[in-house]
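Pasted below: work_3.txt, compact mmCIF, C-alpha atoms.
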# COMPACT_ATOMS: atom_id res chain seq x y z
CA MET A 1 -0.45 34.10 26.93
CA ALA A 2 -1.17 31.74 24.01
CA ALA A 3 1.65 30.70 21.73
CA ALA A 4 -0.01 32.38 18.75
CA GLU A 5 -0.05 35.69 20.60
CA THR A 6 3.63 35.43 21.44
CA GLY A 7 4.50 34.43 17.90
CA ALA A 8 6.08 31.21 19.17
CA ARG A 9 7.52 29.03 16.43
CA GLU A 10 5.60 25.92 17.29
CA LEU A 11 3.68 23.12 15.61
CA HIS A 12 0.89 21.30 17.44
CA GLY A 13 -0.23 17.80 16.52
CA ALA A 14 -3.85 18.47 17.43
CA GLY A 15 -4.12 21.10 14.73
CA ILE A 16 -2.63 18.76 12.12
CA ILE A 17 -5.02 15.97 13.10
CA SER A 18 -7.99 18.35 12.81
CA ALA A 19 -6.75 19.32 9.34
CA ILE A 20 -6.41 15.65 8.34
CA LYS A 21 -10.00 15.02 9.38
CA ALA A 22 -11.20 18.17 7.63
CA SER A 23 -9.64 16.74 4.46
CA GLY A 24 -11.99 13.76 4.47
CA VAL A 25 -9.26 11.28 5.31
CA GLU A 26 -10.59 8.01 6.81
CA TYR A 27 -7.42 5.91 6.87
CA VAL A 28 -3.95 6.69 8.15
CA LEU A 29 -1.31 4.23 6.92
CA ALA A 30 1.85 4.47 8.98
CA VAL A 31 5.32 3.31 9.85
CA PRO A 32 6.55 4.98 13.04
CA ASP A 33 8.72 8.08 12.59
CA ILE A 34 10.33 9.73 15.58
CA VAL A 35 9.48 13.20 14.23
CA THR A 36 5.73 12.51 14.29
CA SER A 37 5.54 9.63 16.77
CA SER A 38 4.28 11.37 19.90
CA GLY A 39 2.61 14.40 18.34
CA LEU A 40 0.70 12.64 15.54
CA LEU A 41 0.87 8.85 15.46
CA ALA A 42 0.16 8.30 19.16
CA PRO A 43 -2.98 10.47 19.25
CA ILE A 44 -4.16 9.15 15.87
CA ALA A 45 -3.96 5.63 17.30
CA HIS A 46 -6.60 6.64 19.85
CA ASP A 47 -8.73 8.78 17.55
CA LYS A 48 -12.10 7.18 16.84
CA ASP A 49 -12.60 9.18 13.65
CA LEU A 50 -9.50 7.81 11.93
CA ARG A 51 -8.60 4.20 11.19
CA LEU A 52 -4.91 3.57 11.66
CA ILE A 53 -3.27 0.76 9.67
CA ARG A 54 0.22 -0.02 10.91
CA VAL A 55 2.35 -1.54 8.16
CA CYS A 56 5.76 -3.21 8.16
CA LYS A 57 7.39 -1.22 5.38
CA GLU A 58 6.51 2.09 3.80
CA ASP A 59 5.88 0.95 0.23
CA GLU A 60 2.99 -1.18 1.48
CA CYS A 61 1.23 2.11 2.21
CA ILE A 62 1.36 3.12 -1.44
CA GLY A 63 -0.37 -0.11 -2.54
CA ILE A 64 -2.99 0.04 0.23
CA ALA A 65 -3.80 3.70 -0.51
CA SER A 66 -4.19 2.82 -4.18
CA GLY A 67 -6.61 0.01 -3.39
CA LEU A 68 -8.64 2.31 -1.14
CA PHE A 69 -8.72 4.97 -3.85
CA TYR A 70 -10.62 2.61 -6.15
CA ALA A 71 -13.40 2.58 -3.58
CA ASP A 72 -13.26 6.37 -3.17
CA LYS A 73 -11.76 6.13 0.33
CA ARG A 74 -9.23 8.76 1.33
CA ALA A 75 -5.96 7.76 3.00
CA LEU A 76 -2.98 9.63 4.40
CA ILE A 77 0.43 7.98 4.52
CA LEU A 78 2.44 8.94 7.61
CA ILE A 79 6.12 8.07 7.25
CA GLN A 80 9.67 9.34 7.71
CA TYR A 81 11.69 10.72 4.79
CA THR A 82 13.83 7.59 4.85
CA GLY A 83 10.70 5.54 4.13
CA PHE A 84 9.76 7.94 1.35
CA LEU A 85 13.16 7.31 -0.24
CA ASP A 86 12.75 3.57 0.23
CA SER A 87 9.37 3.69 -1.53
CA ILE A 88 10.42 5.71 -4.56
CA ASN A 89 9.72 2.93 -7.07
CA ALA A 90 6.19 2.40 -5.78
CA ILE A 91 5.59 6.16 -5.76
CA ARG A 92 6.98 6.38 -9.29
CA GLY A 93 4.67 3.67 -10.58
CA ILE A 94 1.44 4.22 -8.69
CA ALA A 95 1.38 7.88 -7.71
CA VAL A 96 3.16 9.46 -10.65
CA GLU A 97 2.74 7.18 -13.69
CA TYR A 98 -0.80 6.05 -12.81
CA LYS A 99 -1.68 9.57 -11.62
CA GLN A 100 -3.24 8.56 -8.32
CA PRO A 101 -3.91 10.82 -5.31
CA ILE A 102 -1.33 9.32 -2.98
CA CYS A 103 -1.11 11.72 -0.03
CA MET A 104 2.05 11.49 2.04
CA MET A 105 2.90 13.22 5.32
CA ILE A 106 6.65 12.91 5.69
CA GLY A 107 8.70 13.62 8.81
CA LEU A 108 12.01 15.30 8.06
CA LEU A 109 14.19 13.57 10.62
CA GLY A 110 17.16 15.69 11.60
CA HIS A 111 15.86 18.80 9.90
CA GLU A 112 16.67 22.08 11.56
CA PRO A 113 13.23 23.70 11.61
CA ASP A 114 14.39 27.24 11.01
CA LEU A 115 16.29 26.31 7.85
CA ALA A 116 14.76 25.60 4.48
CA PRO A 117 14.96 21.82 3.84
CA ARG A 118 17.09 22.49 0.76
CA ALA A 119 19.61 24.20 3.04
CA SER A 120 19.74 21.37 5.55
CA PRO A 121 23.20 20.14 6.45
CA ARG A 122 21.72 16.65 6.31
CA TYR A 123 21.96 15.18 2.81
CA GLY A 124 18.87 13.01 3.17
CA VAL A 125 16.71 15.99 4.07
CA ARG A 126 18.29 18.27 1.47
CA ILE A 127 17.33 16.02 -1.44
CA ILE A 128 13.63 15.49 -0.62
CA GLU A 129 12.20 18.62 -2.24
CA PRO A 130 14.36 18.29 -5.37
CA ILE A 131 13.27 14.66 -5.75
CA CYS A 132 9.62 15.72 -5.45
CA ASP A 133 10.25 18.44 -8.04
CA ASP A 134 11.90 15.99 -10.44
CA MET A 135 9.02 13.55 -10.05
CA GLY A 136 6.41 16.28 -10.41
CA ILE A 137 5.04 15.72 -6.91
CA ALA A 138 3.52 18.81 -5.27
CA HIS A 139 5.00 19.45 -1.84
CA HIS A 140 4.29 21.74 1.10
CA LEU A 141 6.41 22.43 4.16
CA ILE A 142 4.52 22.23 7.46
CA SER A 143 6.78 23.67 10.14
CA LEU A 144 4.56 26.05 12.06
CA ASP A 145 0.96 26.14 13.23
CA SER A 146 0.39 28.78 10.59
CA ASP A 147 1.29 26.19 7.91
CA VAL A 148 -1.39 23.72 8.98
CA GLY A 149 -4.01 25.49 6.90
CA LYS A 150 -2.17 24.27 3.79
CA ILE A 151 -3.14 20.66 4.51
CA PRO A 152 -6.86 20.49 3.58
CA PRO A 153 -6.52 22.29 0.23
CA ALA A 154 -3.43 20.23 -0.64
CA ILE A 155 -5.25 16.95 -0.02
CA GLU A 156 -8.39 18.22 -1.72
CA ASN A 157 -6.35 19.23 -4.74
CA ALA A 158 -4.65 15.83 -4.85
CA TYR A 159 -8.02 14.07 -5.09
CA ARG A 160 -9.49 16.64 -7.48
CA THR A 161 -6.58 16.36 -9.91
CA SER A 162 -5.72 12.72 -9.12
CA GLU A 163 -2.10 13.53 -8.36
CA PRO A 164 0.17 12.80 -5.40
CA VAL A 165 1.15 15.31 -2.74
CA ALA A 166 3.90 15.39 -0.10
CA LEU A 167 3.35 17.28 3.16
CA LEU A 168 6.77 17.70 4.74
CA ILE A 169 6.74 17.93 8.53
CA GLY A 170 9.69 20.18 9.34
CA ARG A 171 9.33 20.38 13.11
CA ARG A 172 8.41 17.79 15.69
CA PRO A 173 4.71 18.40 16.44
CA LYS A 174 3.84 18.92 20.08
CA SER A 175 1.37 16.49 21.57
CA ALA A 176 -1.46 17.58 23.86
CA ASP A 177 -0.08 15.74 26.86
CA ARG A 178 3.64 15.93 26.20
CA GLN A 179 5.85 18.68 24.91
CA GLY A 180 7.47 17.97 21.59
CA SER A 181 11.13 18.53 21.05
CA ASP A 182 13.28 19.29 18.09
CA ASP A 183 16.04 17.14 19.53
CA GLU A 184 16.94 14.23 17.32
CA GLU A 185 16.33 10.84 18.87
CA GLY A 186 15.89 8.37 16.11
CA MET B 1 3.08 -30.73 -9.03
CA MET B 2 0.35 -28.65 -10.72
CA LYS B 3 0.33 -26.23 -13.61
CA ARG B 4 -0.68 -22.66 -12.84
CA ASP B 5 -3.01 -22.28 -15.80
CA GLU B 6 -4.80 -25.52 -14.87
CA CYS B 7 -5.32 -24.21 -11.34
CA PHE B 8 -6.64 -20.92 -12.67
CA ARG B 9 -9.08 -22.66 -15.02
CA ILE B 10 -10.54 -24.41 -11.99
CA LEU B 11 -10.52 -21.22 -9.95
CA ALA B 12 -12.30 -19.31 -12.72
CA ARG B 13 -15.36 -21.53 -12.33
CA HIS B 14 -15.83 -20.09 -8.84
CA ILE B 15 -15.34 -16.42 -9.67
CA GLY B 16 -18.22 -13.97 -9.92
CA LYS B 17 -18.14 -10.36 -8.75
CA GLU B 18 -14.82 -10.56 -6.91
CA ALA B 19 -11.88 -8.31 -7.71
CA VAL B 20 -8.98 -10.46 -8.86
CA VAL B 21 -5.54 -8.91 -8.37
CA ALA B 22 -3.14 -10.62 -10.77
CA THR B 23 0.32 -9.56 -11.92
CA TYR B 24 3.20 -10.65 -14.11
CA SER B 25 3.05 -14.36 -15.08
CA SER B 26 -0.08 -14.98 -13.03
CA ALA B 27 -1.76 -12.10 -14.85
CA VAL B 28 -0.81 -13.49 -18.26
CA ASP B 29 -2.41 -16.84 -17.44
CA TRP B 30 -5.41 -15.35 -15.64
CA VAL B 31 -6.33 -12.80 -18.29
CA GLU B 32 -6.21 -15.46 -20.99
CA ILE B 33 -8.51 -17.70 -18.97
CA ALA B 34 -10.82 -15.07 -17.47
CA PRO B 35 -10.76 -11.67 -19.20
CA ARG B 36 -13.05 -9.42 -17.15
CA THR B 37 -13.40 -5.83 -16.01
CA LEU B 38 -12.81 -6.70 -12.36
CA ASN B 39 -9.28 -7.93 -13.03
CA TYR B 40 -6.89 -5.57 -11.25
CA LEU B 41 -3.56 -5.70 -13.06
CA SER B 42 -1.79 -2.39 -12.38
CA ILE B 43 0.23 -2.57 -9.19
CA GLY B 44 3.03 -0.20 -10.12
CA ALA B 45 5.85 -2.04 -8.38
CA MET B 46 6.64 -5.73 -7.99
CA GLY B 47 5.56 -7.15 -4.68
CA LEU B 48 2.74 -4.76 -3.96
CA ASP B 49 -0.04 -7.08 -5.22
CA SER B 50 -0.90 -8.13 -1.69
CA SER B 51 -0.95 -4.53 -0.43
CA HIS B 52 -3.27 -3.44 -3.24
CA GLY B 53 -5.48 -6.39 -2.34
CA LEU B 54 -5.62 -5.23 1.27
CA GLY B 55 -6.62 -1.71 0.20
CA LEU B 56 -9.31 -3.05 -2.10
CA ALA B 57 -10.66 -5.33 0.62
CA LEU B 58 -10.79 -2.48 3.14
CA GLY B 59 -12.47 -0.16 0.66
CA ARG B 60 -15.27 -2.57 -0.18
CA PRO B 61 -15.86 -4.93 2.75
CA ASP B 62 -19.07 -6.00 1.06
CA LYS B 63 -17.12 -7.53 -1.85
CA ARG B 64 -14.49 -10.22 -2.01
CA VAL B 65 -10.93 -9.77 -3.22
CA ILE B 66 -8.71 -12.54 -4.56
CA VAL B 67 -4.97 -11.92 -4.91
CA LEU B 68 -3.05 -14.13 -7.36
CA GLN B 69 0.57 -13.46 -6.45
CA GLY B 70 3.81 -15.07 -7.55
CA ASP B 71 6.43 -16.33 -5.11
CA GLY B 72 8.97 -13.75 -6.31
CA SER B 73 6.47 -10.96 -5.72
CA LEU B 74 5.57 -12.11 -2.23
CA LEU B 75 9.25 -12.37 -1.31
CA MET B 76 9.57 -8.68 -2.12
CA ASN B 77 6.77 -7.84 0.33
CA LEU B 78 6.79 -10.55 3.00
CA GLY B 79 5.88 -7.98 5.63
CA SER B 80 2.51 -7.60 3.97
CA LEU B 81 1.57 -10.99 5.42
CA VAL B 82 1.98 -9.55 8.91
CA THR B 83 0.09 -6.38 8.02
CA ILE B 84 -2.81 -8.27 6.38
CA ALA B 85 -3.08 -10.69 9.29
CA ALA B 86 -3.22 -7.77 11.75
CA VAL B 87 -5.91 -5.95 9.78
CA ALA B 88 -7.73 -9.26 9.25
CA PRO B 89 -10.02 -8.44 6.32
CA LYS B 90 -12.69 -11.14 6.17
CA ASN B 91 -13.10 -10.67 2.43
CA LEU B 92 -9.50 -11.30 1.30
CA ILE B 93 -8.26 -14.53 -0.31
CA HIS B 94 -4.51 -14.63 -0.98
CA LEU B 95 -3.26 -17.30 -3.39
CA VAL B 96 0.45 -17.60 -4.16
CA ALA B 97 1.69 -19.59 -7.15
CA GLN B 98 5.03 -21.00 -6.07
CA ASN B 99 7.16 -22.16 -9.00
CA ASP B 100 10.47 -21.28 -7.28
CA THR B 101 11.46 -18.78 -9.96
CA TYR B 102 11.31 -15.12 -10.87
CA GLU B 103 9.57 -16.25 -14.04
CA ALA B 104 8.89 -12.80 -15.51
CA ASN B 105 12.54 -11.86 -15.09
CA GLY B 106 14.26 -14.69 -16.94
CA SER B 107 13.14 -17.61 -14.77
CA GLN B 108 16.00 -17.13 -12.35
CA PRO B 109 15.56 -19.09 -9.11
CA ILE B 110 14.21 -17.49 -5.95
CA PRO B 111 16.82 -17.36 -3.16
CA ASN B 112 15.44 -20.39 -1.31
CA PRO B 113 12.80 -22.68 -2.83
CA LYS B 114 12.34 -24.36 0.53
CA VAL B 115 10.47 -21.33 1.84
CA ASP B 116 7.12 -22.29 3.40
CA PHE B 117 4.81 -19.41 2.52
CA ALA B 118 1.71 -21.00 4.05
CA GLY B 119 3.69 -21.57 7.24
CA ILE B 120 4.73 -17.92 7.36
CA ALA B 121 1.15 -16.81 6.68
CA ARG B 122 -0.09 -19.11 9.44
CA SER B 123 2.38 -17.80 11.99
CA SER B 124 1.62 -14.24 10.89
CA GLY B 125 -2.00 -14.80 11.88
CA TYR B 126 -4.00 -15.55 8.73
CA ALA B 127 -7.36 -17.09 9.60
CA ALA B 128 -6.88 -20.15 7.38
CA CYS B 129 -3.89 -21.45 5.41
CA TYR B 130 -3.59 -24.19 2.83
CA ASP B 131 -0.95 -25.92 0.68
CA PHE B 132 -1.87 -27.49 -2.65
CA SER B 133 0.35 -29.56 -4.89
CA ASP B 134 -2.20 -31.98 -6.34
CA LEU B 135 -4.64 -30.67 -8.94
CA LYS B 136 -7.47 -33.04 -8.06
CA ASN B 137 -7.24 -32.05 -4.42
CA PHE B 138 -7.18 -28.37 -5.39
CA GLU B 139 -10.27 -28.89 -7.54
CA GLN B 140 -12.08 -30.59 -4.67
CA GLN B 141 -11.09 -28.03 -2.04
CA ILE B 142 -11.04 -24.62 -3.73
CA GLY B 143 -14.77 -24.01 -3.31
CA HIS B 144 -14.41 -24.63 0.42
CA VAL B 145 -11.28 -22.43 0.59
CA LEU B 146 -13.08 -19.51 -1.03
CA GLU B 147 -15.95 -19.79 1.44
CA GLN B 148 -13.70 -19.39 4.48
CA GLN B 149 -13.67 -16.18 6.46
CA GLY B 150 -10.53 -14.31 5.60
CA PRO B 151 -7.84 -13.53 5.47
CA VAL B 152 -7.28 -16.87 3.75
CA PHE B 153 -3.92 -17.95 2.31
CA ALA B 154 -3.00 -20.80 0.01
CA THR B 155 0.20 -21.81 -1.70
CA LEU B 156 -0.22 -23.43 -5.11
CA HIS B 157 2.90 -25.47 -5.84
CA VAL B 158 3.18 -25.26 -9.62
CA GLU B 159 5.66 -26.04 -12.36
CA PRO B 160 7.41 -23.26 -14.21
CA SER B 161 5.13 -22.61 -17.15
CA LYS B 162 5.74 -22.57 -20.88
CA LYS B 163 7.31 -19.38 -22.26
CA LEU B 164 4.79 -16.59 -21.83
CA LYS B 165 4.18 -13.44 -23.83
CA TYR B 166 3.99 -10.43 -21.54
CA ASP B 167 1.73 -7.71 -22.94
CA TYR B 168 2.54 -5.05 -20.35
CA PRO B 169 1.08 -2.09 -22.30
CA GLY B 170 -2.17 -4.04 -22.58
CA MET B 171 -2.19 -5.03 -18.93
CA TYR B 172 -1.40 -1.52 -17.70
CA ASP B 173 -3.77 0.28 -20.06
CA PRO B 174 -5.22 3.26 -18.10
CA LYS B 175 -8.64 2.51 -19.61
CA LYS B 176 -8.63 -0.81 -17.77
CA ARG B 177 -8.00 1.00 -14.48
CA GLU B 178 -10.86 3.39 -15.19
CA ALA B 179 -13.22 0.56 -16.09
CA PHE B 180 -12.23 -1.35 -12.96
CA LYS B 181 -12.81 1.73 -10.81
CA ALA B 182 -16.26 2.35 -12.24
CA GLN B 183 -17.37 -1.23 -11.67
CA TRP B 184 -15.73 -1.59 -8.26
CA ARG B 185 -17.47 1.55 -6.95
CA SER B 186 -20.91 0.46 -8.21

So, in terms of structure tokens, how does the structure I just supplied come out?
Amino acid sequence: MAAAETGARELHGAGIISAIKASGVEYVLAVPDIVTSSGLLAPIAHDKDLRLIRVCKEDECIGIASGLFYADKRALILIQYTGFLDSINAIRGIAVEYKQPICMMIGLLGHEPDLAPRASPRYGVRIIEPICDDMGIAHHLISLDSDVGKIPPAIENAYRTSEPVALLIGRRPKSADRQGSDDEEG
Amino acid sequence: MMKRDECFRILARHIGKEAVVATYSSAVDWVEIAPRTLNYLSIGAMGLDSSHGLGLALGRPDKRVIVLQGDGSLLMNLGSLVTIAAVAPKNLIHLVAQNDTYEANGSQPIPNPKVDFAGIARSSGYAACYDFSDLKNFEQQIGHVLEQQGPVFATLHVEPSKKLKYDYPGMYDPKKREAFKAQWRS
């Protein structure tokens, strides 16, 4: 019986990748994140429809995405919440003050998937949504396969309104060839 | 030792339809010498000049991008050298004016003026790297440097300049970003 029929609380990377492509994204700019490493980054690296740019530090992604935006090229930034926090000044300047469609997919390392992020016992996770709210950054929690449908309209809206968006990955996505796990490793 | 504005006057003779990314003190000198729509001045956060340049170069591989970065800026984003070298955009020229100071922030010294930026760029994998400290040599070579297949890197060893007037509201005027975008997409 399929997971959907059993109501399993799962998140599959393949569905997220399809949603990224359906959003018109050409470039994925990434620093490895253990939450999304096997379920998203590894398959994206082999996906011929997406161009993966591996960067050294997360704020580079914000500058690269901005440069691509001037040529009307869509990019998705794939990082961990720690990298989001490290990049706050770049996000403040480029995404918020310049009003640019910087689209971020952020792994919530250490998040307990069945809790709301604001209720996380982990301080770093707990503050992400309030920071987005304070900065006026739209955010969406992607924890289940049923959440994946939020991705294309969120990215479309970011480009239509020229505003940033944060897609918070609340559960480790399963890869096609390897079962994901919610266990913390990194 | 050269003066930055003298180098830029020579460089300006070779500039046509390229995007020129210039920030802080380099931007002040460059805009005075070569005011033009395809000057890209809004980078949002210090150090991201080179990352914006990479995004621009990827977005329009049919056009050339010249980054005029300061040594303080590059030190804040040294990893971008590794990222740019890995992506290897053929249309990116990366020039760093090294005056050994954070000039825009009170002319305080950089942590180590002995840093060899061209050496780091070379070992990171840039296609061609140069060091210039003599203006006549720079004048003779810059045409050749700009014709090389990128990514190309050059350090311009320059003196700290006279006291500059920083017109940040003028540089970061949203109308300039809009005008750049319209011309860069055409």

**Report entry** Neighbour residues at most 12 Å from (-5.1, 9.0, 15.6) (all atoms listed in the file) as a PyMOL selection string
**Finding:** chain A and resi 13-14+16-18+20-21+25-30+36-54+76+78+175

Would you tabulate, counting all atoms listed in the file, all residues of segment 61-176 of chain A that have an atom at most 6 Å from an atom of segment 44-59 of chain B, showing the closest pair of atoms and their distance in Å to one decimal, sorted by chain then ascending number, as CSV?
residue,atom,partner,partner_atom,distance
A:Gly63,CA,B:His52,CA,4.5
A:Ile64,CA,B:Gly55,CA,4.0
A:Gly67,CA,B:Gly55,CA,4.0
A:Leu68,CA,B:Gly55,CA,4.7
A:Ala71,CA,B:Gly59,CA,5.1
A:Ala90,CA,B:Ala45,CA,5.2
A:Gly93,CA,B:Gly44,CA,4.2
A:Ile94,CA,B:Gly44,CA,4.9

Keeping only C-alpha atoms, write the selected residues as a PDB file, keeping the file's coordinate frame.
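To be explicit, this is the file written out as part.pdb:
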ATOM      1  CA  GLY A  63      -0.370  -0.110  -2.540  1.00  0.00           C
ATOM      2  CA  ILE A  64      -2.990   0.040   0.230  1.00  0.00           C
ATOM      3  CA  GLY A  67      -6.610   0.010  -3.390  1.00  0.00           C
ATOM      4  CA  LEU A  68      -8.640   2.310  -1.140  1.00  0.00           C
ATOM      5  CA  ALA A  71     -13.400   2.580  -3.580  1.00  0.00           C
ATOM      6  CA  ALA A  90       6.190   2.400  -5.780  1.00  0.00           C
ATOM      7  CA  GLY A  93       4.670   3.670 -10.580  1.00  0.00           C
ATOM      8  CA  ILE A  94       1.440   4.220  -8.690  1.00  0.00           C
TER       9      ILE A  94
END

Report task. Could you please determine the separation between atom CA of Lys136 of chain B and atom CA of Ser73 of chain B in Å, to one decimal place? Result -> 26.2 Å

Requested in this report: Take the point (2.1, 5.5, -9.3) in the file's coordinates, draw a sphere of radius 10 Å around it, and report as a ChimeraX atom specification every protein, DNA or RNA residue with an atom inside or on it, counting all atoms listed in the file.
Outcome: /A:62-63,66,88-102,163-164 /B:42-45

Go ahead and save the picked residues with C-alpha atoms, as a PDB file, in the coordinates of the input.
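Saved the output as out_21.pdb:
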ATOM      1  CA  ILE A  62       1.360   3.120  -1.440  1.00  0.00           C
ATOM      2  CA  GLY A  63      -0.370  -0.110  -2.540  1.00  0.00           C
ATOM      3  CA  SER A  66      -4.190   2.820  -4.180  1.00  0.00           C
ATOM      4  CA  ILE A  88      10.420   5.710  -4.560  1.00  0.00           C
ATOM      5  CA  ASN A  89       9.720   2.930  -7.070  1.00  0.00           C
ATOM      6  CA  ALA A  90       6.190   2.400  -5.780  1.00  0.00           C
ATOM      7  CA  ILE A  91       5.590   6.160  -5.760  1.00  0.00           C
ATOM      8  CA  ARG A  92       6.980   6.380  -9.290  1.00  0.00           C
ATOM      9  CA  GLY A  93       4.670   3.670 -10.580  1.00  0.00           C
ATOM     10  CA  ILE A  94       1.440   4.220  -8.690  1.00  0.00           C
ATOM     11  CA  ALA A  95       1.380   7.880  -7.710  1.00  0.00           C
ATOM     12  CA  VAL A  96       3.160   9.460 -10.650  1.00  0.00           C
ATOM     13  CA  GLU A  97       2.740   7.180 -13.690  1.00  0.00           C
ATOM     14  CA  TYR A  98      -0.800   6.050 -12.810  1.00  0.00           C
ATOM     15  CA  LYS A  99      -1.680   9.570 -11.620  1.00  0.00           C
ATOM     16  CA  GLN A 100      -3.240   8.560  -8.320  1.00  0.00           C
ATOM     17  CA  PRO A 101      -3.910  10.820  -5.310  1.00  0.00           C
ATOM     18  CA  ILE A 102      -1.330   9.320  -2.980  1.00  0.00           C
ATOM     19  CA  GLU A 163      -2.100  13.530  -8.360  1.00  0.00           C
ATOM     20  CA  PRO A 164       0.170  12.800  -5.400  1.00  0.00           C
TER      21      PRO A 164
ATOM     22  CA  SER B  42      -1.790  -2.390 -12.380  1.00  0.00           C
ATOM     23  CA  ILE B  43       0.230  -2.570  -9.190  1.00  0.00           C
ATOM     24  CA  GLY B  44       3.030  -0.200 -10.120  1.00  0.00           C
ATOM     25  CA  ALA B  45       5.850  -2.040  -8.380  1.00  0.00           C
TER      26      ALA B  45
END

**Report entry** Nearby residues (all atoms listed in the file) at most 9 Å from Met104 of chain A, same-chain spacing under 5 positions excluded, as a ChimeraX atom specification
**Finding:** /A:75-79,84,164-168

What would the file look like if the residues just selected were written as a compact mmCIF listing (two decimals), keeping the file's coordinate frame with C-alpha atoms?
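Listing of part.txt after writing:
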# COMPACT_ATOMS: atom_id res chain seq x y z
CA ALA A 75 -5.96 7.76 3.00
CA LEU A 76 -2.98 9.63 4.40
CA ILE A 77 0.43 7.98 4.52
CA LEU A 78 2.44 8.94 7.61
CA ILE A 79 6.12 8.07 7.25
CA PHE A 84 9.76 7.94 1.35
CA PRO A 164 0.17 12.80 -5.40
CA VAL A 165 1.15 15.31 -2.74
CA ALA A 166 3.90 15.39 -0.10
CA LEU A 167 3.35 17.28 3.16
CA LEU A 168 6.77 17.70 4.74

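Nearest residue to Pro61 of chain B among B:Leu78, B:Ala97, B:Ile33, B:Ala19 is B:Ala19, counting all atoms listed in the file.
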
Report task. Do a neighbour search on Val145 of chain B at 12 Å with all atoms listed in the file, toss out local chain neighbours closer than 2 positions, and write the hits as a count of residues only. Result -> 29

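Taking atom CA of Leu109 of chain A and atom CA of Asp86 of chain A as the two end points, the separation is 14.5 Å.
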
Query raised in the report: Suppose you want the space between atom CA of Arg171 of chain A and atom CA of Cys103 of chain A; what is it in Å?
Result: 18.9 Å

Any chance you could work out the axis-aligned box around segment 83-98 of chain A, listed atoms only, 4 Å on each side, giving centre and edge lengths in Å to one decimal, as AutoDock Vina command-line options?
--center_x 6.2 --center_y 5.9 --center_z -4.8 --size_x 22.0 --size_y 15.1 --size_z 25.8
